file run-v5.cif (mmCIF, C-alpha atoms and all ligand atoms)
data_data
#
loop_
_atom_site.label_atom_id
_atom_site.label_comp_id
_atom_site.auth_asym_id
_atom_site.auth_seq_id
_atom_site.Cartn_x
_atom_site.Cartn_y
_atom_site.Cartn_z
CA MET A 1 24.74 65.41 63.86
CA PRO A 2 23.14 62.48 65.69
CA GLY A 3 25.40 59.56 66.54
CA LEU A 4 25.33 56.01 65.19
CA ILE A 5 22.64 54.66 67.49
CA ASP A 6 20.30 57.62 66.95
CA ARG A 7 20.69 57.30 63.19
CA LEU A 8 19.87 53.59 63.35
CA LYS A 9 16.91 54.30 65.63
CA SER A 10 15.59 56.79 63.10
CA GLY A 11 15.38 53.98 60.55
CA GLU A 12 18.25 55.13 58.37
CA ILE A 13 20.09 52.50 56.30
CA LEU A 14 23.79 53.31 56.46
CA ILE A 15 26.25 52.53 53.67
CA SER A 16 29.69 51.55 54.96
CA ASP A 17 32.90 51.17 52.98
CA GLY A 18 34.98 48.50 51.22
CA ALA A 19 38.52 47.19 51.48
CA MET A 20 41.37 49.35 52.78
CA SER A 21 44.65 47.46 52.59
CA THR A 22 44.27 46.30 48.99
CA LEU A 23 43.89 49.95 47.94
CA LEU A 24 46.96 50.90 49.98
CA GLN A 25 48.90 48.07 48.33
CA GLY A 26 47.95 49.61 44.99
CA MET A 27 49.66 52.79 46.23
CA GLY A 28 52.87 50.97 47.09
CA LEU A 29 52.30 49.36 50.49
CA HIS A 30 54.25 46.08 50.41
CA SER A 31 52.03 43.05 50.95
CA GLY A 32 54.28 41.86 53.82
CA ALA A 33 54.16 45.25 55.57
CA TYR A 34 51.60 46.35 58.14
CA PRO A 35 49.19 49.05 56.89
CA GLU A 36 48.82 50.81 60.27
CA GLU A 37 52.22 52.49 59.93
CA TRP A 38 50.94 54.50 56.97
CA ASN A 39 48.57 56.37 59.32
CA VAL A 40 51.74 58.15 60.45
CA THR A 41 54.23 57.81 57.58
CA ASN A 42 51.87 58.22 54.60
CA PRO A 43 48.72 59.84 55.95
CA GLU A 44 47.77 61.31 52.56
CA ALA A 45 47.42 57.79 51.09
CA VAL A 46 45.17 56.68 53.96
CA ALA A 47 43.14 59.89 53.73
CA SER A 48 42.70 59.37 49.97
CA VAL A 49 41.09 55.97 50.63
CA TYR A 50 38.73 57.53 53.20
CA ARG A 51 37.85 60.23 50.64
CA ALA A 52 37.29 57.69 47.86
CA TYR A 53 34.71 55.87 49.96
CA ILE A 54 33.03 59.05 51.17
CA ASP A 55 32.81 60.25 47.55
CA ALA A 56 31.33 56.85 46.61
CA GLY A 57 28.53 57.36 49.16
CA SER A 58 29.71 55.86 52.45
CA ASP A 59 27.86 57.07 55.55
CA LEU A 60 30.29 55.19 57.78
CA ILE A 61 33.99 54.66 57.12
CA CYS A 62 36.26 52.18 58.90
CA THR A 63 39.72 53.21 60.03
CA ASN A 64 43.04 51.73 58.94
CA THR A 65 43.58 50.08 62.31
CA CYS A 66 42.37 46.49 61.88
CA GLY A 67 45.76 45.04 62.89
CA GLY A 68 46.49 47.85 65.35
CA ASN A 69 46.34 45.99 68.63
CA PRO A 70 49.71 45.78 70.38
CA ILE A 71 49.86 41.96 70.24
CA LYS A 72 49.56 41.99 66.44
CA LEU A 73 51.92 44.95 66.06
CA ASP A 74 54.49 43.13 68.18
CA ARG A 75 55.18 40.93 65.14
CA TYR A 76 56.78 44.00 63.59
CA GLY A 77 58.46 45.14 66.81
CA VAL A 78 56.19 48.18 67.15
CA ALA A 79 53.76 47.19 69.92
CA SER A 80 54.64 50.37 71.81
CA ARG A 81 53.33 52.50 68.91
CA ALA A 82 49.76 51.14 69.04
CA GLU A 83 48.24 54.27 70.58
CA GLU A 84 50.00 56.51 68.07
CA PHE A 85 48.90 54.52 64.98
CA ASN A 86 45.31 54.16 66.19
CA ALA A 87 44.83 57.77 67.25
CA ALA A 88 46.35 59.06 64.01
CA SER A 89 44.05 56.93 61.85
CA VAL A 90 40.90 58.04 63.68
CA ARG A 91 41.92 61.72 63.56
CA LEU A 92 42.58 61.46 59.80
CA ALA A 93 39.20 59.79 59.27
CA LYS A 94 37.38 62.39 61.38
CA GLN A 95 38.97 65.18 59.30
CA GLU A 96 37.71 63.62 56.07
CA ALA A 97 34.33 62.61 57.51
CA GLY A 98 33.09 66.06 58.36
CA GLU A 99 29.67 66.26 60.01
CA ARG A 100 27.71 63.68 58.03
CA VAL A 101 29.95 60.61 57.91
CA LEU A 102 30.51 58.36 60.92
CA VAL A 103 33.93 56.92 61.78
CA ALA A 104 34.10 53.32 63.00
CA ALA A 105 37.46 52.37 64.48
CA SER A 106 38.39 48.94 63.19
CA ILE A 107 39.80 46.39 65.64
CA GLY A 108 40.72 42.94 64.36
CA PRO A 109 41.88 39.79 66.18
CA THR A 110 45.26 39.45 67.87
CA GLY A 111 46.39 36.71 65.50
CA HIS A 112 46.86 34.30 68.41
CA LEU A 113 44.55 31.57 69.69
CA LEU A 114 43.24 32.16 73.19
CA GLU A 115 43.36 29.60 75.97
CA PRO A 116 42.45 26.77 76.19
CA LEU A 117 42.95 26.13 72.45
CA GLY A 118 45.98 28.41 72.32
CA GLU A 119 48.40 30.06 74.69
CA LEU A 120 47.05 33.62 74.98
CA PRO A 121 45.24 34.30 78.27
CA PRO A 122 41.95 36.20 77.75
CA GLU A 123 43.18 38.86 80.22
CA ALA A 124 46.20 39.55 77.99
CA ALA A 125 43.94 39.93 74.94
CA GLU A 126 41.64 42.25 76.90
CA ALA A 127 44.59 44.40 78.00
CA ALA A 128 45.78 44.71 74.39
CA PHE A 129 42.30 45.61 73.12
CA LYS A 130 41.94 48.16 75.93
CA ILE A 131 45.00 50.08 74.70
CA GLN A 132 43.48 50.21 71.21
CA ALA A 133 39.92 50.97 72.35
CA ASP A 134 41.03 53.77 74.68
CA ALA A 135 43.17 55.33 71.93
CA VAL A 136 40.40 55.37 69.31
CA ALA A 137 37.80 56.60 71.81
CA ALA A 138 40.03 59.47 72.90
CA ALA A 139 40.64 60.38 69.25
CA GLY A 140 36.88 60.74 68.68
CA ALA A 141 35.71 57.51 67.03
CA ASP A 142 31.91 57.34 66.57
CA ALA A 143 31.93 53.55 66.99
CA ILE A 144 34.33 50.73 67.75
CA LEU A 145 34.11 47.96 65.17
CA PHE A 146 35.37 44.53 66.17
CA GLU A 147 35.64 42.79 62.81
CA THR A 148 36.83 39.51 61.27
CA PHE A 149 36.64 37.67 64.61
CA PHE A 150 35.99 33.92 64.58
CA ASP A 151 36.34 33.16 68.30
CA LEU A 152 33.66 34.29 70.76
CA THR A 153 36.19 34.17 73.62
CA GLU A 154 38.46 36.65 71.86
CA ILE A 155 35.70 39.06 70.83
CA GLU A 156 34.39 38.89 74.41
CA ALA A 157 37.80 40.16 75.57
CA GLY A 158 37.46 43.01 73.08
CA ILE A 159 33.94 43.95 74.13
CA LYS A 160 34.94 43.98 77.81
CA ALA A 161 37.85 46.28 76.95
CA ALA A 162 35.65 48.66 74.92
CA LEU A 163 32.52 48.90 77.10
CA PRO A 164 34.05 51.38 79.61
CA THR A 165 34.73 53.87 76.77
CA GLY A 166 30.98 54.36 76.27
CA VAL A 167 31.51 54.37 72.49
CA PRO A 168 28.92 52.26 70.57
CA ILE A 169 30.23 48.76 69.83
CA ILE A 170 29.77 46.93 66.53
CA CYS A 171 30.80 43.26 66.33
CA THR A 172 31.07 41.45 63.00
CA MET A 173 32.26 37.86 62.87
CA THR A 174 33.52 35.74 59.99
CA PHE A 175 31.65 32.60 58.93
CA ASP A 176 32.35 29.93 56.34
CA ALA A 177 30.12 28.84 53.47
CA ASN A 178 28.17 26.62 55.90
CA GLY A 179 27.34 29.57 58.14
CA ARG A 180 29.70 28.63 60.98
CA THR A 181 32.85 30.17 62.38
CA VAL A 182 36.02 28.07 62.12
CA MET A 183 35.31 27.26 65.77
CA GLY A 184 32.00 25.70 64.67
CA VAL A 185 29.63 28.35 66.09
CA ASP A 186 26.56 29.09 63.98
CA ALA A 187 25.39 32.62 63.20
CA ALA A 188 22.28 32.67 65.40
CA THR A 189 24.25 31.43 68.43
CA ALA A 190 26.99 33.98 67.80
CA ALA A 191 24.41 36.74 67.44
CA ARG A 192 22.78 36.02 70.79
CA ALA A 193 26.16 35.78 72.52
CA LEU A 194 27.30 39.14 71.10
CA ILE A 195 24.08 40.86 72.20
CA ASP A 196 24.41 39.38 75.71
CA LEU A 197 28.00 40.65 75.89
CA GLY A 198 26.84 44.19 75.18
CA ALA A 199 27.31 44.77 71.44
CA ASN A 200 25.08 47.53 70.03
CA VAL A 201 25.28 46.27 66.44
CA ILE A 202 26.14 42.74 65.31
CA GLY A 203 26.84 41.16 61.96
CA SER A 204 29.32 39.51 59.65
CA ASN A 205 32.28 40.48 57.49
CA CYS A 206 34.90 38.81 55.32
CA GLY A 207 35.47 35.11 54.66
CA ILE A 208 32.70 34.57 52.12
CA GLY A 209 30.97 36.33 49.26
CA PRO A 210 27.53 37.92 49.37
CA ASP A 211 25.65 34.77 48.28
CA ALA A 212 26.84 32.73 51.27
CA MET A 213 26.41 35.69 53.64
CA LEU A 214 22.70 36.11 53.01
CA PRO A 215 21.65 33.14 55.23
CA VAL A 216 24.03 34.43 57.94
CA VAL A 217 22.24 37.79 57.90
CA GLU A 218 18.85 36.10 57.99
CA ALA A 219 19.88 34.00 60.99
CA MET A 220 21.26 37.01 62.89
CA ALA A 221 18.24 39.17 62.05
CA THR A 222 15.94 36.81 63.96
CA THR A 223 17.33 38.45 67.14
CA GLY A 224 15.90 41.84 66.13
CA ALA A 225 19.33 43.48 66.63
CA TYR A 226 20.86 46.10 64.33
CA ILE A 227 22.83 44.17 61.68
CA MET A 228 25.96 45.19 59.75
CA VAL A 229 27.08 43.17 56.74
CA GLN A 230 30.35 43.44 54.79
CA PRO A 231 30.96 40.42 52.50
CA ASN A 232 33.98 39.91 50.31
CA ALA A 233 33.47 40.56 46.59
CA GLY A 234 33.40 36.79 46.08
CA LEU A 235 36.18 34.35 46.86
CA PRO A 236 39.79 35.29 46.11
CA LYS A 237 41.36 33.85 42.99
CA VAL A 238 45.04 34.22 42.19
CA VAL A 239 45.49 35.15 38.53
CA GLY A 240 49.02 35.81 37.30
CA GLY A 241 50.28 36.34 40.86
CA GLN A 242 47.51 38.89 41.59
CA THR A 243 44.62 38.22 43.95
CA THR A 244 41.33 39.05 42.24
CA TYR A 245 37.65 38.94 43.20
CA ASP A 246 34.92 38.38 40.66
CA VAL A 247 31.69 39.80 42.11
CA THR A 248 30.96 42.97 40.15
CA PRO A 249 29.67 46.24 41.64
CA GLU A 250 26.26 45.57 40.03
CA GLN A 251 26.07 42.09 41.58
CA MET A 252 27.10 43.43 45.00
CA ALA A 253 24.37 46.06 44.70
CA GLU A 254 21.72 43.40 44.01
CA TYR A 255 22.82 41.49 47.11
CA ALA A 256 22.89 44.68 49.16
CA LYS A 257 19.16 45.16 48.51
CA GLN A 258 18.58 41.56 49.64
CA PHE A 259 20.59 42.20 52.82
CA VAL A 260 18.43 45.22 53.61
CA ASP A 261 15.26 43.21 52.91
CA ALA A 262 16.62 40.55 55.30
CA GLY A 263 17.04 43.17 58.04
CA ALA A 264 20.56 44.58 57.60
CA ARG A 265 20.94 48.25 58.58
CA ILE A 266 24.61 48.88 57.70
CA VAL A 267 25.79 47.52 54.34
CA GLY A 268 29.22 47.60 52.70
CA GLY A 269 31.96 45.25 51.58
CA CYS A 270 35.19 43.61 52.71
CA CYS A 271 38.11 42.15 50.72
CA GLY A 272 37.93 42.88 47.00
CA SER A 273 35.30 45.63 47.45
CA THR A 274 36.28 48.93 45.87
CA PRO A 275 34.77 52.43 45.81
CA GLU A 276 32.97 51.29 42.63
CA HIS A 277 31.26 48.51 44.59
CA ILE A 278 30.25 50.98 47.31
CA ALA A 279 28.90 53.48 44.77
CA ALA A 280 26.73 50.77 43.22
CA ILE A 281 25.51 49.62 46.65
CA ALA A 282 24.67 53.18 47.71
CA LYS A 283 22.72 53.83 44.52
CA ALA A 284 20.77 50.58 44.73
CA VAL A 285 19.93 50.83 48.44
CA ARG A 286 18.95 54.52 48.30
CA SER A 287 16.68 54.06 45.27
CA ALA A 288 15.04 50.90 46.65
ZN ZN B 301 37.85 40.79 54.20
#
call {"tool": "encode", "arguments": {"input": "run-v5.cif", "output": "structure tokens"}}
result
Amino acid sequence: MPGLIDRLKSGEILISDGAMSTLLQGMGLHSGAYPEEWNVTNPEAVASVYRAYIDAGSDLICTNTCGGNPIKLDRYGVASRAEEFNAASVRLAKQEAGERVLVAASIGPTGHLLEPLGELPPEAAEAAFKIQADAVAAAGADAILFETFFDLTEIEAGIKAALPTGVPIICTMTFDANGRTVMGVDAATAARALIDLGANVIGSNCGIGPDAMLPVVEAMATTGAYIMVQPNAGLPKVVGGQTTYDVTPEQMAEYAKQFVDAGARIVGGCCGSTPEHIAAIAKAVRSA
């Protein structure tokens, strides 16, 4: 099967997946625990989430490795297991994906602010991302997905770490309802910076619902780059101690068509998005 870039070049619209950790929490993962351990200790649960999204129509699934960089894992005293957790998650995903479905290895932020705002030197972030990027590349990832980043300096460290692997790089950043990162960078500026740094696909995930993400997609699409979009299913509301999201699968599907019309080429969901949301998106986009 052709790889990610060839499939995008051919004009295909790819459906990605929805949330991972909320589904794992439904299977007993404690909310204070780190989901990456389950790639090794409960692989069947992780595989069942991959399968649920593939069955719902995903063309591209994201691995259970968002918090799998050694700096983030160090919080739990398991930094030295980063390669193991990342490789296991990609191998599991590749097994479920078969020939048709692409596997994007998820890499999220370190959880620390980089210099000069924070204390983490960019070189230290790059070294941590390199461990993760090398592990997922060696395990056969079809793409490396830097997601939920809000700081261009930190995502730059990630891109630099991943470029030598030769694996296609997707970068999606998180914006607020005003279309800016928490650092104050607008979507069009972020888009141009990510392209200049060497990203193959750019876009946005998390933070906001589909309504607020539409102008972000429109701003990024002015660059002509391949765009990936994964909004939350609305804004989180805590009801009776449970976090809920109120955008329905049908509503997400309507927005998905608007994202594609605005130029998006990979469409899925983030927090609060379930296999039902992905099934509705796949149906709407494929029949449009
Ligand atoms: Zn999210």
call {"tool": "residues_near_ligand", "arguments": {"input": "run-v5.cif", "ligand": "ligand ZN 301 (chain B)", "cutoff": "10 Å", "atoms": "only C-alpha atoms and all ligand atoms", "output": "ChimeraX atom specification"}}
result
/A:18-22,147-148,174,205-209,230-233,235-236,269-273
call {"tool": "atom_distance", "arguments": {"input": "run-v5.cif", "atom1": "CA of Ile195 in chain A", "atom2": "CA of Glu218 in chain A"}}
result
15.9 Å
call {"tool": "axis_aligned_box", "arguments": {"input": "run-v5.cif", "around": "range 27-34 of chain A", "padding_each_side": "3 Å", "output": "AutoDock Vina command-line options"}}
result
--center_x 52.0 --center_y 47.3 --center_z 52.2 --size_x 10.6 --size_y 16.9 --size_z 17.9
call {"tool": "closest_residue", "arguments": {"input": "run-v5.cif", "among": "A:Asp134, A:Val229, A:Gly224, A:His277", "to": "Met173 in chain A", "atoms": "all atoms listed in the file"}}
result
A:Val229
call {"tool": "atom_distance", "arguments": {"input": "run-v5.cif", "atom1": "CA of Asn39 in chain A", "atom2": "CA of His112 in chain A"}}
result
23.9 Å
call {"tool": "atom_distance", "arguments": {"input": "run-v5.cif", "atom1": "CA of Gln251 in chain A", "atom2": "CA of Asp17 in chain A"}}
result
16.1 Å
call {"tool": "closest_residue", "arguments": {"input": "run-v5.cif", "among": "A:Ala87, A:Ala125, A:Leu8, A:Ala157", "to": "Ile266 in chain A", "atoms": "only C-alpha atoms"}}
result
A:Leu8
call {"tool": "residues_around", "arguments": {"input": "run-v5.cif", "residues": "Pro164 in chain A", "least_positions_apart": "6", "cutoff": "12 Å", "atoms": "only C-alpha atoms", "output": "list in words"}}
result
Phe129, Lys130, Ala133, Asp134, Ala137, Ile144, Gly158 and Gly198 of chain A
call {"tool": "closest_residue", "arguments": {"input": "run-v5.cif", "among": "A:Glu115, A:Glu44, A:Glu84, A:Glu36", "to": "Thr65 in chain A", "atoms": "all atoms listed in the file"}}
result
A:Glu36
call {"tool": "closest_atom_pairs", "arguments": {"input": "run-v5.cif", "of": "range 135-167 of chain A", "to": "range 186-193 of chain A", "cutoff": "10 Å", "atoms": "all atoms listed in the file", "output": "Markdown table"}}
result
| residue | atom | partner | partner_atom | distance |
| --- | --- | --- | --- | --- |
| A:Phe150 | CA | A:Ala190 | CA | 9.6 |
| A:Asp151 | CA | A:Ala190 | CA | 9.4 |
| A:Leu152 | CA | A:Ala190 | CA | 7.3 |
| A:Glu156 | CA | A:Ala193 | CA | 9.0 |
call {"tool": "residues_around", "arguments": {"input": "run-v5.cif", "residues": "range 79-82 of chain A", "least_positions_apart": "2", "cutoff": "9 Å", "atoms": "all atoms listed in the file", "output": "list in words"}}
result
Glu36, Gly68, Asn69, Pro70, Ile71, Lys72, Leu73, Asp74, Arg75, Tyr76, Gly77, Glu84, Phe85, Asn86, Ala87, Ile131, Gln132 and Ala135 of chain A
call {"tool": "write_last_selection", "arguments": {"input": "run-v5.cif", "atoms": "C-alpha atoms", "output": "short mmCIF file (atom, residue, chain, number, x, y, z; two decimals), in the coordinates of the input"}}
result
data_model
loop_
_atom_site.label_atom_id
_atom_site.label_comp_id
_atom_site.auth_asym_id
_atom_site.auth_seq_id
_atom_site.Cartn_x
_atom_site.Cartn_y
_atom_site.Cartn_z
CA GLU A 36 48.82 50.81 60.27
CA GLY A 68 46.49 47.85 65.35
CA ASN A 69 46.34 45.99 68.63
CA PRO A 70 49.71 45.78 70.38
CA ILE A 71 49.86 41.96 70.24
CA LYS A 72 49.56 41.99 66.44
CA LEU A 73 51.92 44.95 66.06
CA ASP A 74 54.49 43.13 68.18
CA ARG A 75 55.18 40.93 65.14
CA TYR A 76 56.78 44.00 63.59
CA GLY A 77 58.46 45.14 66.81
CA GLU A 84 50.00 56.51 68.07
CA PHE A 85 48.90 54.52 64.98
CA ASN A 86 45.31 54.16 66.19
CA ALA A 87 44.83 57.77 67.25
CA ILE A 131 45.00 50.08 74.70
CA GLN A 132 43.48 50.21 71.21
CA ALA A 135 43.17 55.33 71.93
#
call {"tool": "residues_around", "arguments": {"input": "run-v5.cif", "residues": "Ala104 in chain A", "least_positions_apart": "5", "cutoff": "7 Å", "atoms": "all atoms listed in the file", "output": "ChimeraX atom specification"}}
result
/A:60-63,141-145
